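Here's the structure, in structure tokens; my notes come after.
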2 protein chains.
Amino acid sequence: MLNPKNMKKPLLFTPGPTPLPPETSLAMAQPIDYHRSPAAAALIQDVLEKLKHVFQTENDVLCLTTSGTGAMEGAVANLLCRGDKVLVIRSGKFGERWSDICTAYGVEVIPIHVTWGESVEPSVVASHLTAYPEVKAVFATLCETSTGALHDIEALAQLTQVRPTLLVVDAVSALGADDLQMDTWGVDAVVSCSQKGLMTPPGIAFASLNARAWEAVARADLPKYYLDFRKARDAGSEGSTPYTPAITLIHALQASLNLLCAEGIRNTIARHARLAQATRSAIAALGLQPFATRPANTLTSIRLPAEVDGKAFIALMREKHGITYAGGQSQLRGKIARIAHLGWINENDVIVAIAAFERGLVEVGCKLPLGAGVAAAQEVLSR
Amino acid sequence: MLNPKNMKKPLLFTPGPTPLPPETSLAMAQPIDYHRSPAAAALIQDVLEKLKHVFQTENDVLCLTTSGTGAMEGAVANLLCRGDKVLVIRSGKFGERWSDICTAYGVEVIPIHVTWGESVEPSVVASHLTAYPEVKAVFATLCETSTGALHDIEALAQLTQVRPTLLVVDAVSALGADDLQMDTWGVDAVVSCSQKGLMTPPGIAFASLNARAWEAVARADLPKYYLDFRKARDAGSEGSTPYTPAITLIHALQASLNLLCAEGIRNTIARHARLAQATRSAIAALGLQPFATRPANTLTSIRLPAEVDGKAFIALMREKHGITYAGGQSQLRGKIARIAHLGWINENDVIVAIAAFERGLVEVGCKLPLGAGVAAAQEVLSR
């Protein structure tokens with residue numbers, strides 16, 4: 001990865017994996033331990049308890065050895081029955097993933113199509129709930145990572161709480177960056193994973209269910225074994241897991257959770273909000289448009305000038321500047337850049353991300369006032 | 001884990017996780033990288049290629065972000081249809097797991113019951129295949145880790161190769177320790193994982209299918225999304241994965257595969273065979289019985305003297321001597337000790353495992369000729 005002609009210090013501004021604190025990296029370099037020892041049980045119990053703080057819930061948090069998609073599939077397989085109808089909010093690649101998983105299991109999807117970059121209008125969800133009172137669940141996304149759009153989960157929960165319909169939220173990328181008050185808002189099920197706001201390598205995922213959702217689990221008939229949430233809950237209560245856990249990653253997670261719990265989840269979210277605001281101010285000062293109409297704290301998606309080849313720009317930044325932004329996915333390939341300010345990121349990191357973005361765009365031929373983005377970010381960060 | 005009264009150096013003789021080479025541990029302490037970069041694609045391609053050497057196959061090897069059970073479930077969900085009949089060899093906890101997974105998916109299981117500690121007679125499988133010619137697959141276990149018994153996969157493959165029935169082998173614990181010549185023997189599907197012979201932390205699992213098995217995948221109708229083998233194969237061919245991989249663990253795996261490929265799989269298996277033989281000689285010299293009638297190279301299960309409380313013995317060894325053996329599972333809880341000589345283990349490690357075993361048994365009141373086990377092992381290791 002190092003360019004021999006240059007002292008490279010690679011920096012990640014991707015919406016997962018996010019950079020690792022040194023405590024977290026070094027936790028993984030320790031000799032491995034046996035996952036069925038008393039010490040491992042204490043580790044697992046500590047991690048599951050601290051995850052509740054990040055999930056803002058008193059419900060159990062389950063730990064699965066999968067990436068985020070495994071937890072999404074687990075939510076479908078554990079909550080539903082074959083032939084059930086559900087609403088899926090499709091506003092990007094990850095909303096579509098909910099649809100695809102449901103369809104794979106024979107669950108009937110009623111899609112709510114939202115233009116990519118926009119967020120769902122709660123009134124549209126309300127009218128669908130009225131039109132289809134039989135739907136068992138609404139599948140939503142806190143931050144649609146493919147577009148950078150934030151969805152108003154609190155408003156959706158107001159709709160589902162008064163109905164027998166469950167609200168299931170993909171908080172894979174946004175947990176810890178955008179607010180999600182599971183208990184206060186009344187969200188029924190939340191899934192997330194390790195390599196985003198939780199500052200841990202990919203490979204472990206999480207799910208939390210409230211009492212209503214556990215009642216649905218008792219009725220669900222879709223096939224599952226490895227992803228069976230009941231087994232994960234029962235084992236977790238004893239500091240264990242149904243199958244061999246990724247114990248090394250759990251040690252890493254503990255190190256990162258110690259940092260997050262010391263910061264406090266409300267402060268963590270406020271930090272992300274500030275960094276996102278600085279980034280958006282910078283983008284505006286450069287005369288560029290955010291792609292999302294209601295942007296998340298997790299990442300900022302930027303519509304690239306039409307003359308810029310987005311794929312080449314992302315590669316240039318990585319290879320010449322040692323900076324990894326994410327490009328566009330699916331229909332947005334080559335059209336947007338996505339700068340994540342997520343996880344172990346602070347003000348200084350965001351300045352670097354913005355400054356490099358300015359230089360890179362000038363290098364690919366854009367006319368930009370060099371420094372204007374950084375200046376605008378400085379204004380926000382000096383408040 | 002450290003006892004302040006004593007300089008402890010914890011040692012693992014468990015059948016997973018196994019000890020990590022320092023190269024492997026340190027690979028995980030590097031800054032994390034983005035899994036969709038050209039460097040990550042080269043890493044994934046390198047690892048998938050080297051895995052073929054360990055699997056002794058020219059077939060693609062798929063990499064999944066799960067522990068071993070996820071790959072087992074993937075084999076069921078990708079190879080079968082609802083209502084299919086299969087034979088499952090049940091000779092311990094992991095044979096039973098094949099049954100449980102199949103049952104969860106509505107696959108009809110015809111069990112072949114084998115007394116725990118024994119290995120299946122191929123003639124019994126042959127008569128079942130004759131009696132139930134409609135079965136789609138035979139599910140077998142290379143090393144039944146709960147008992148230490150090795151199964152004659154080569155003989156089973158001779159039976160299935162001449163029939164339309166697939167042979168699906170759980171090589172979770174034994175890959176790299178006990179011989180499994182996937183291509184030469186004609187095994188249709190093999191699953192394994194990272195934290196055993198592959199000397200890598202838990203969290204990634206593998207599957208390899210031959211052409212016959214891929215034909216079954218095309219017909220299979222069981223629901224799957226995260227575990228879809230076709231998506232893993234297609235992405236793998238481009239050095240990618242369908243969903244975010246545990247990139248840190250893949251770096252670790254590369255470090256360990258480099259060591260294994262330098263040793264060469266035939267030498268790796270021969271090393272394990274020698275260490276297993278030394279351990280069995282030691283056990284016999286101490287007047288103890290191996291639990292398995294046909295023991296694997298992976299681990300040695302030892303029937304403990306009736307007066308020994310196995311759970312207390314395992315705890316004593318861990319807490320006083322810093323040595324972790326595995327105890328018995330399910331019906332064998334408290335009755336056996338399992339000493340794994342698996343992964344990054346050599347002659348000196350096995351001497352330590354045996355010597356500590358002798359001292360521990362004497363401490364719990366057994367009458368043993370101290371040093372006799374070590375002497376017998378020395379004889380084997382000096383040949």
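Scheme for the structure tokens: letters A, B, ... for chains in order shown; per-chain residue numbers from 1; ligand numbers from 1 in order shown.
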Quiz item: Which residues, written as an NGL selection string, have at least one atom at most 12 Å from B:Thr130, with only C-alpha atoms counted and residues fewer than 6 positions away on the same chain left out?
Solution: :B and (87 or 123-124 or 159-160 or 163 or 165)
So that I have them on file, write out the residues from the current selection with C-alpha atoms, as a PDB file, in the first residue's frame.
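This went into selection.pdb:
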```pdb
ATOM      1  CA  LEU B  87     -28.401 -39.381   5.265  1.00  0.00           C
ATOM      2  CA  SER B 123     -20.668 -50.817   4.911  1.00  0.00           C
ATOM      3  CA  VAL B 124     -23.451 -49.347   7.046  1.00  0.00           C
ATOM      4  CA  LEU B 159     -19.766 -45.098  -2.354  1.00  0.00           C
ATOM      5  CA  THR B 160     -21.198 -41.729  -3.343  1.00  0.00           C
ATOM      6  CA  ARG B 163     -24.289 -42.707  -7.283  1.00  0.00           C
ATOM      7  CA  THR B 165     -25.763 -38.788  -4.088  1.00  0.00           C
TER       8      THR B 165
END
```
Quiz item: Any idea which chain B residues end up within 8 Å of chain A if we count only C-alpha atoms, as a PyMOL selection string please?
Solution: chain B and resi 1+12+14+16-20+25-35+39+65-70+73+101+104-105+201-203+223-226+243-248+324
Self-check item: Neighbour list for A:Val364 as an MDAnalysis selection string, cut-off 8 Å, only C-alpha atoms, skip fewer than 2 positions in-chain
Solution: chainID A and resid 308 313 360:362 366
What does the file look like for those residues with N, CA and C atoms, as an mmCIF file, in the first residue's frame?
```cif
data_model
loop_
_atom_site.group_PDB
_atom_site.id
_atom_site.type_symbol
_atom_site.label_atom_id
_atom_site.label_comp_id
_atom_site.auth_asym_id
_atom_site.auth_seq_id
_atom_site.Cartn_x
_atom_site.Cartn_y
_atom_site.Cartn_z
ATOM 1 N N VAL A 308 -16.258 15.563 -14.084
ATOM 2 C CA VAL A 308 -15.340 14.714 -13.312
ATOM 3 C C VAL A 308 -15.740 13.242 -13.461
ATOM 4 N N PHE A 313 -11.407 9.823 -10.089
ATOM 5 C CA PHE A 313 -11.122 10.745 -8.989
ATOM 6 C C PHE A 313 -10.858 9.977 -7.687
ATOM 7 N N GLY A 360 -7.641 17.588 -4.837
ATOM 8 C CA GLY A 360 -7.923 16.555 -5.825
ATOM 9 C C GLY A 360 -8.816 17.062 -6.947
ATOM 10 N N LEU A 361 -9.856 17.812 -6.590
ATOM 11 C CA LEU A 361 -10.767 18.313 -7.620
ATOM 12 C C LEU A 361 -10.044 19.286 -8.548
ATOM 13 N N VAL A 362 -9.162 20.119 -7.993
ATOM 14 C CA VAL A 362 -8.375 21.028 -8.836
ATOM 15 C C VAL A 362 -7.494 20.212 -9.786
ATOM 16 N N CYS A 366 -11.189 20.871 -12.077
ATOM 17 C CA CYS A 366 -12.267 21.741 -11.605
ATOM 18 C C CYS A 366 -11.709 23.118 -11.246
#
```
Stretch 141-155 of chain B environment, 7 Å, only C-alpha atoms, sequence neighbours closer than 3 positions dropped, as a compact mmCIF listing (two decimals) with C-alpha atoms, in the first residue's frame:
```txt
# COMPACT_ATOMS: atom_id res chain seq x y z
CA GLY B 92 -21.27 -36.87 18.13
CA LYS B 93 -22.26 -33.27 18.64
CA PHE B 94 -21.23 -32.11 15.19
CA GLY B 95 -22.93 -34.89 13.29
CA TRP B 116 -20.07 -41.71 20.45
CA GLY B 117 -16.35 -42.42 20.18
CA GLU B 118 -16.75 -44.79 17.26
CA SER B 119 -16.46 -44.12 13.54
CA VAL B 120 -19.05 -45.09 10.99
CA PRO B 122 -18.66 -47.61 5.46
CA GLN B 158 -16.13 -44.39 -3.15
CA LEU B 159 -19.77 -45.10 -2.35
CA VAL B 169 -18.03 -33.19 4.63
CA ASP B 170 -17.66 -31.07 7.75
CA ALA B 171 -13.88 -30.59 7.90
CA SER B 173 -11.79 -28.93 12.92
CA ALA B 174 -9.65 -31.33 10.89
CA TRP B 185 -11.15 -38.98 -3.40
CA PHE B 291 -12.00 -42.27 23.92
CA ALA B 292 -12.10 -42.69 20.13
CA THR B 293 -11.66 -46.12 18.60
CA ARG B 294 -10.21 -44.56 15.45
CA PRO B 295 -8.58 -41.36 16.70
CA ALA B 296 -7.96 -38.32 14.51
CA LEU B 299 -7.09 -34.02 18.82
CA THR B 300 -6.82 -36.83 21.35
CA SER B 301 -9.81 -37.49 23.59
CA GLY B 328 -16.32 -33.09 27.25
CA GLN B 329 -19.45 -31.72 25.59
```
Exercise. Excluding A:Gly197 and any residue of its chain fewer than 5 positions from it, enumerate the residues within 10 Å of it, using only C-alpha atoms, and give them as a list in words.
Key: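 In the requested form, the answer reads Pro15, Gly16, Pro17, Thr18, Pro19, Val54, Val172, Ser173, Ala174, Leu175, Gly176, Ala177, Asp178, Ser192, Ser256, Leu260, Thr268, Ile269, His272, Thr298, His341, Leu342, Gly343, Trp344 and Ile345 of chain A.
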Preceding selection exported with N, CA and C atoms as a PDB file, in the first residue's frame:
```
ATOM      1  N   PRO A  15     -17.440   4.827   4.644  1.00  0.00           N
ATOM      2  CA  PRO A  15     -18.482   4.493   5.638  1.00  0.00           C
ATOM      3  C   PRO A  15     -18.388   3.022   6.033  1.00  0.00           C
ATOM      4  N   GLY A  16     -17.238   2.604   6.445  1.00  0.00           N
ATOM      5  CA  GLY A  16     -16.952   1.251   6.890  1.00  0.00           C
ATOM      6  C   GLY A  16     -16.093   0.517   5.893  1.00  0.00           C
ATOM      7  N   PRO A  17     -14.970  -0.100   6.364  1.00  0.00           N
ATOM      8  CA  PRO A  17     -14.467   0.037   7.722  1.00  0.00           C
ATOM      9  C   PRO A  17     -14.029   1.468   8.013  1.00  0.00           C
ATOM     10  N   THR A  18     -14.093   1.840   9.277  1.00  0.00           N
ATOM     11  CA  THR A  18     -13.612   3.140   9.723  1.00  0.00           C
ATOM     12  C   THR A  18     -12.286   2.935  10.464  1.00  0.00           C
ATOM     13  N   PRO A  19     -11.513   4.010  10.645  1.00  0.00           N
ATOM     14  CA  PRO A  19     -10.201   3.851  11.286  1.00  0.00           C
ATOM     15  C   PRO A  19     -10.312   3.244  12.686  1.00  0.00           C
ATOM     16  N   VAL A  54     -24.922   2.217  23.595  1.00  0.00           N
ATOM     17  CA  VAL A  54     -24.840   2.729  22.223  1.00  0.00           C
ATOM     18  C   VAL A  54     -26.187   2.576  21.510  1.00  0.00           C
ATOM     19  N   VAL A 172     -27.067  -0.015  10.340  1.00  0.00           N
ATOM     20  CA  VAL A 172     -25.742  -0.611  10.111  1.00  0.00           C
ATOM     21  C   VAL A 172     -24.673   0.463  10.071  1.00  0.00           C
ATOM     22  N   SER A 173     -24.875   1.498   9.257  1.00  0.00           N
ATOM     23  CA  SER A 173     -23.810   2.499   9.140  1.00  0.00           C
ATOM     24  C   SER A 173     -23.939   3.609  10.166  1.00  0.00           C
ATOM     25  N   ALA A 174     -25.144   3.884  10.659  1.00  0.00           N
ATOM     26  CA  ALA A 174     -25.359   5.139  11.381  1.00  0.00           C
ATOM     27  C   ALA A 174     -25.326   5.026  12.893  1.00  0.00           C
ATOM     28  N   LEU A 175     -25.313   3.809  13.421  1.00  0.00           N
ATOM     29  CA  LEU A 175     -25.374   3.682  14.880  1.00  0.00           C
ATOM     30  C   LEU A 175     -24.182   4.390  15.529  1.00  0.00           C
ATOM     31  N   GLY A 176     -24.457   5.305  16.427  1.00  0.00           N
ATOM     32  CA  GLY A 176     -23.407   6.065  17.096  1.00  0.00           C
ATOM     33  C   GLY A 176     -23.106   7.382  16.404  1.00  0.00           C
ATOM     34  N   ALA A 177     -23.613   7.568  15.201  1.00  0.00           N
ATOM     35  CA  ALA A 177     -23.368   8.827  14.478  1.00  0.00           C
ATOM     36  C   ALA A 177     -24.660   9.630  14.356  1.00  0.00           C
ATOM     37  N   ASP A 178     -25.745   8.961  13.972  1.00  0.00           N
ATOM     38  CA  ASP A 178     -27.058   9.607  13.917  1.00  0.00           C
ATOM     39  C   ASP A 178     -27.909   9.055  15.054  1.00  0.00           C
ATOM     40  N   SER A 192     -27.220  -3.633  13.546  1.00  0.00           N
ATOM     41  CA  SER A 192     -26.034  -2.856  13.209  1.00  0.00           C
ATOM     42  C   SER A 192     -24.824  -3.783  13.176  1.00  0.00           C
ATOM     43  N   SER A 256     -12.922  -0.433  21.883  1.00  0.00           N
ATOM     44  CA  SER A 256     -13.620   0.708  21.277  1.00  0.00           C
ATOM     45  C   SER A 256     -14.832   1.142  22.100  1.00  0.00           C
ATOM     46  N   LEU A 260     -16.033   4.757  23.603  1.00  0.00           N
ATOM     47  CA  LEU A 260     -17.353   5.342  23.331  1.00  0.00           C
ATOM     48  C   LEU A 260     -18.133   5.596  24.618  1.00  0.00           C
ATOM     49  N   THR A 268     -21.118  11.505  21.584  1.00  0.00           N
ATOM     50  CA  THR A 268     -20.637  10.878  20.347  1.00  0.00           C
ATOM     51  C   THR A 268     -21.478  11.364  19.164  1.00  0.00           C
ATOM     52  N   ILE A 269     -22.786  11.373  19.353  1.00  0.00           N
ATOM     53  CA  ILE A 269     -23.677  11.819  18.274  1.00  0.00           C
ATOM     54  C   ILE A 269     -23.458  13.312  17.996  1.00  0.00           C
ATOM     55  N   HIS A 272     -20.374  13.780  15.879  1.00  0.00           N
ATOM     56  CA  HIS A 272     -20.626  13.463  14.473  1.00  0.00           C
ATOM     57  C   HIS A 272     -21.449  14.562  13.796  1.00  0.00           C
ATOM     58  N   THR A 298     -23.584  10.620   9.406  1.00  0.00           N
ATOM     59  CA  THR A 298     -22.681   9.498   9.167  1.00  0.00           C
ATOM     60  C   THR A 298     -21.692   9.809   8.055  1.00  0.00           C
ATOM     61  N   HIS A 341     -17.523  10.769   7.904  1.00  0.00           N
ATOM     62  CA  HIS A 341     -16.908  11.344   9.115  1.00  0.00           C
ATOM     63  C   HIS A 341     -17.500  10.536  10.247  1.00  0.00           C
ATOM     64  N   LEU A 342     -16.957   9.343  10.390  1.00  0.00           N
ATOM     65  CA  LEU A 342     -17.637   8.273  11.112  1.00  0.00           C
ATOM     66  C   LEU A 342     -16.635   7.495  11.945  1.00  0.00           C
ATOM     67  N   GLY A 343     -16.976   7.333  13.209  1.00  0.00           N
ATOM     68  CA  GLY A 343     -16.151   6.494  14.072  1.00  0.00           C
ATOM     69  C   GLY A 343     -15.042   7.285  14.738  1.00  0.00           C
ATOM     70  N   TRP A 344     -13.834   6.794  14.612  1.00  0.00           N
ATOM     71  CA  TRP A 344     -12.688   7.400  15.312  1.00  0.00           C
ATOM     72  C   TRP A 344     -12.150   8.572  14.487  1.00  0.00           C
ATOM     73  N   ILE A 345     -12.949   9.624  14.401  1.00  0.00           N
ATOM     74  CA  ILE A 345     -12.685  10.771  13.537  1.00  0.00           C
ATOM     75  C   ILE A 345     -12.910  12.028  14.376  1.00  0.00           C
TER      76      ILE A 345
END
```
Exercise. Could you please determine the separation between atom CA of B:Ser281 and atom CA of B:Ala376 in Å, to one decimal place?
Key: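 Between atom CA of B:Ser281 and atom CA of B:Ala376 the gap works out to 5.7 Å.
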Quiz item: Which residues come within 6 Å of stretch 109-112 of chain B, counting only C-alpha atoms, excluding same-chain residues fewer than 4 positions away, as a PyMOL selection string?
Solution: chain B and resi 85-90
Quiz prompt | Test item, helix (DSSP H, G or I) assignment across stretch 171-239 of chain B, answer as a list of chain:residue names | solution =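 Matching residues, listed in order: B:Met182, B:Asp183, B:Thr184, B:Trp185, B:Gly186, B:Ala211, B:Arg212, B:Ala213, B:Trp214, B:Glu215, B:Ala216, B:Val217, B:Ala218, B:Arg219, B:Phe229, B:Arg230, B:Lys231, B:Ala232, B:Arg233, B:Asp234, B:Ala235, B:Gly236.
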Quiz item: Which residue gives the smallest distance to A:Glu58 among A:Gln181, A:Val114, A:Pro164, A:Pro369, with only C-alpha atoms counted?
Solution: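 Ranking A:Gln181, A:Val114, A:Pro164, A:Pro369 by distance to A:Glu58, first place goes to A:Gln181.
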Quiz item: Distance atom CA of B:Val191-atom CA of B:Ala220, one decimal place?
Solution: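 We find that atom CA of B:Val191 and atom CA of B:Ala220 lie 17.8 Å from each other.
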Quiz item: atom CA of B:Ala375 and atom CA of B:Leu332 are how many Å apart?
Solution: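 The value is 28.8 Å.
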